[in-house]
Every structure is written in C-alpha cells, then in structure tokens.
Amino acid sequence: MTRVLWLTPNKPENISVGRARIASHLEENGFNVDLRAGRPWIIREIFASDDEYDAIIGTTRAGAIVGLVVSTVTGLPLVVDHVDPIRQLEETSVWPIAQSVRHLENLAFRKSAHTLYVYSEEKTRVQRHATTATKSDLGVEYNRFADPDARILDIASDRLEKFDLRKNVVIYVGGLEPIYHIRELVESIYYLDDWSLVVLGSGSLEPTVTDAAANSDRIIYLGTVPHEHVPGYLHAADVGVSLVDDPHTLKVLEYGAARLPTVQLSGRAEKKFDGTVEFCEAESASIAAAIERANDVSETTIDSLQKLAAEYSWERIAGEYSNVLRSL
C-alpha cells in the first residue's frame with residue numbers, strides 16, 4: 001500500500017477540512033494517508049519517527065514549505081497542493097514576510113514532482129517554476145449537505161432550540177478573521193428586523209464575536225462544531241453568508257448543496273456565481289439588504305446554486321490526486 005505523508009495548513013480543526021475529504025477518498029482507493037499540520041517543528045518529529053513514506057503532499061503555505069525541507073532531506077517525491085494565491089498573503093501581511101513566502105513557494109514548485117493548483121491567477125507563476133502542473137479545484141461532499149442524516153438534523157435542532165431564535169436565521173460557517181468581514185457581518189444584524197445570526201467557527205476575531213453574542217440575544221456563537229454536523233445547522237437556517245472576495249470559497253458550495261439561499265461578497269466571485277447568489281459590499285447595511293433579498297429568492301435560483309454545487313465533487317477531485325500519486 002502506498003503511504004503518503006500529507007502536510008496540511010496549520011488551521012483549527014473543522015475550519016479547513018477539504019484536504020481531509022480528499023485524503024478520505026484516497027484511502028478508499030488504496031492509499032494510506034497520514035495527515036499532519038505543517039508546523040515547523042513537525043520536521044524533527046518526522047525524522048525521529050520510524051514511519052516510512054512513499055511520497056509527500058505539501059499544502060500551501062506552511063505544508064508545502066515544510067514538505068520542501070522533508071523532500072530535500074529524504075529524497076521522497078513532493079507533490080505541492082497549491083490552494084492559496086500569494087495575493088491573499090500580500091494583502092494581509094507585511095511585505096518582507098509575503099516576499100519570503102513567495103520565494104519559498106517558488107522553490108517548492110521547482111522541487112515538486114508535480115504541482116496541483118486551484119486558482120487560475122496562479123497558473124503562470126506555477127508553470128514558470130514547476131516541471132509539471134495540473135489545474136484542480138475545491139469541492140463539496142454534496143450528498144452529506146443535500147440530504148443529511150436525520151441524526152445530524154436533530155443534533156443541530158436540539159442545540160439551537162436552547163436559544164430564543166427570531167423568525168429568520170442567517171448563518172455563517174468558517175474562519176473568524178478580518179479577511180472574512182466578521183465585524184461587518186455582526187453589525188449587519190442590527191439593520192434587520194426579526195432575524196438571528198448564528199456563527200460557527202474560530203479565529204483571531206473570536207473575542208469580538210463572543211462579546212457580541214454576550215451583549216445581544218440576536219447573535220448566537222457556537223464555536224467550532226464537528227464538520228459532519230455542519231449540514232444540520234445549514235438546514236436549520238434561512239440564509240447563508242460568505243464575505244470573502246474569492247470565487248473558490250468552499251462554504252458557498254456547501255450552502256448551495258444544502259439549498260440555502262446565499263449572500264456573497266461582490267468581486268472576483270461574481271462571474272462564477274452570477275444568477276445564483278445575492279451580492280453585497282463589505283459594509284453592514286449592504287450585507288443586511290442582501291440577506292433580505294436572499295430570503296426572497298425564487299426556487300429557480302436555489303436550484304441553480306445547488307446544481308452548480310453538484311459539479312464540485314471531492315471524489316472527482318481526489319481522483320486527480322490519485323492519478324498524480326500513481327504516476328510517481
């Protein structure tokens with residue numbers, strides 16, 4: 001059996017789950033996948049252990065950089081799983097750090113036996129450095145969100161019934177970081193009549209959301225929940241929100257699979273989701289207005305978003321990774 005060490009993003013559990021979904025499908029197809037967070041100190045743990053691997057997958061950013069080091073020392077083939085455009089880091093970090101990461105990622109592409117990349121804007125950069133590269137995508141466990149088990153629905157219902165929810169519920173699932181406009185989302189609830197906001201996730205703005213929930217019975221913060229429970233919460237809501245300027249955001253696909261009318265930030269995602277979601281600007285009044293519009297969308301619009309989500313299967317995407325690993 002082919003053993004693969006997969007060094008993943010260093011993110012909270014249940015926040016970035018896509019790589020685990022791919023790994024699960026790879027194991028169904030005969031691979032043994034060891035998922036580990038790509039922290040710098042993992043290098044020493046790997047070299048100190050008796051584990052033997054046949055290949056390394058490194059997910060940008062840290063996983064690819066750590067994978068570069070491990071591959072260089074061990075000689076194992078490296079597959080770079082490039083999921084985050086460098087633009088995002090350049091917009092949120094100081095210049096010296098962003099440039100250093102860009103350089104290290106370029107080295108990882110060059111060292112890789114193969115690089116799979118998600119964002120078309122990274123195509124030129126990846127192909128300039130990588131020997132071979134393939135365009136991939138982000139996906140969704142469509143059936144789990146479209147038709148969740150009754151037990152999953154009950155878990156969410158039982159937890160939410162402890163709160164005094166208003167007539168309508170808007171939900172956000174994901175990271176609590178400035179890039180996701182969490183403050184503006186929290187403030188948007190005060191522009192809405194008879195709505196509650198349910199937030200699931202964690203991140204640097206967790207104290208902000210916790211304080212907001214403590215001071216308003218219209219804001220419910222549940223922290224992180226097991227990813228397999230998320231479909232239940234989506235089916236208990238009326239509208240889902242995604243406020244990142246990104247056409248590849250996973251949560252919109254999950255909302256769509258669950259037939260949840262969706263609000264998406266205007267920008268790069270407009271071409272992909274035009275006609276299937278309601279767009280807004282990154283300010284509270286605009287978010288609130290889009291939530292109200294989303295609550296009134298037609299069944300045809302909901303059908304369109306669900307149909308789009310069905311095209312992005314993790315099983316299909318895992319097949320691309322399987323083909324690359326077998327070719328090594």
# chains A, B, ... in the order shown; residues from 1 in each chain; ligands from 1
>>> select_by_dssp(residues="segment 156-228 of chain A", states="strand (DSSP E or B)", output="count of residues only")
15
>>> residues_around(residues="Ser202 of chain A", least_positions_apart="5", cutoff="7 Å", atoms="only C-alpha atoms", output="list of chain:residue names")
A:Gly175, A:Leu176, A:Gly223, A:Thr224
>>> closest_residue(among="A:Arg144, A:His25, A:Arg125, A:Arg102", to="Ala62 of chain A", atoms="only C-alpha atoms")
A:Arg102
>>> closest_residue(among="A:Glu278, A:Ser216, A:Val4, A:Glu27", to="Glu52 of chain A", atoms="only C-alpha atoms")
A:Val4
>>> residues_around(residues="Asp194 of chain A", least_positions_apart="2", cutoff="8 Å", atoms="only C-alpha atoms", output="compact mmCIF listing (two decimals) with all heavy atoms, in the first residue's frame")
# COMPACT_ATOMS: atom_id res chain seq x y z
N ARG A 166 -35.03 34.23 16.46
CA ARG A 166 -36.08 35.02 15.82
C ARG A 166 -36.70 34.22 14.67
O ARG A 166 -36.30 33.10 14.37
CB ARG A 166 -35.50 36.34 15.31
CG ARG A 166 -34.83 37.18 16.41
CD ARG A 166 -35.81 37.62 17.48
NE ARG A 166 -35.15 38.31 18.58
CZ ARG A 166 -35.03 39.64 18.67
NH1 ARG A 166 -35.48 40.40 17.69
NH2 ARG A 166 -34.44 40.18 19.72
N LYS A 167 -37.65 34.84 14.00
CA LYS A 167 -38.37 34.17 12.93
C LYS A 167 -37.44 33.69 11.83
O LYS A 167 -37.60 32.61 11.26
CB LYS A 167 -39.42 35.11 12.35
CG LYS A 167 -40.20 34.52 11.18
CD LYS A 167 -41.19 35.54 10.63
CE LYS A 167 -41.94 34.98 9.43
NZ LYS A 167 -42.89 35.97 8.86
N ASN A 168 -36.42 34.51 11.49
CA ASN A 168 -35.48 34.19 10.41
C ASN A 168 -34.08 34.02 10.97
O ASN A 168 -33.69 34.72 11.93
CB ASN A 168 -35.48 35.31 9.36
CG ASN A 168 -36.85 35.56 8.79
OD1 ASN A 168 -37.44 34.69 8.17
ND2 ASN A 168 -37.38 36.76 9.02
N LEU A 192 -31.56 44.49 10.58
CA LEU A 192 -32.56 43.51 10.20
C LEU A 192 -33.61 43.35 11.29
O LEU A 192 -33.27 43.28 12.48
CB LEU A 192 -31.91 42.15 9.93
CG LEU A 192 -30.93 42.08 8.75
CD1 LEU A 192 -30.10 40.81 8.83
CD2 LEU A 192 -31.69 42.14 7.43
N SER A 196 -32.06 36.38 13.54
CA SER A 196 -30.96 35.96 14.42
C SER A 196 -29.77 35.61 13.55
O SER A 196 -29.92 35.13 12.42
CB SER A 196 -31.35 34.73 15.25
OG SER A 196 -32.36 35.04 16.18
>>> atom_distance(atom1="atom CA of Thr8 of chain A", atom2="atom CA of Ala23 of chain A")
10.8 Å
>>> residues_around(residues="segment 127-141 of chain A", least_positions_apart="2", cutoff="7 Å", atoms="only C-alpha atoms", output="PyMOL selection string")
chain A and resi 106+109-110+112+114-118+123-125+143-145+248+250+253-254+312-314+317
>>> closest_residue(among="A:His82, A:Arg259, A:Arg36, A:Arg183", to="Thr210 of chain A", atoms="only C-alpha atoms")
A:Arg183
>>> closest_residue(among="A:Ile152, A:Ala257, A:Val169, A:Val263", to="Ile219 of chain A", atoms="only C-alpha atoms")
A:Val169
>>> closest_residue(among="A:Ser120, A:Leu234, A:Ala146, A:Gly203", to="Lys307 of chain A", atoms="only C-alpha atoms")
A:Ala146
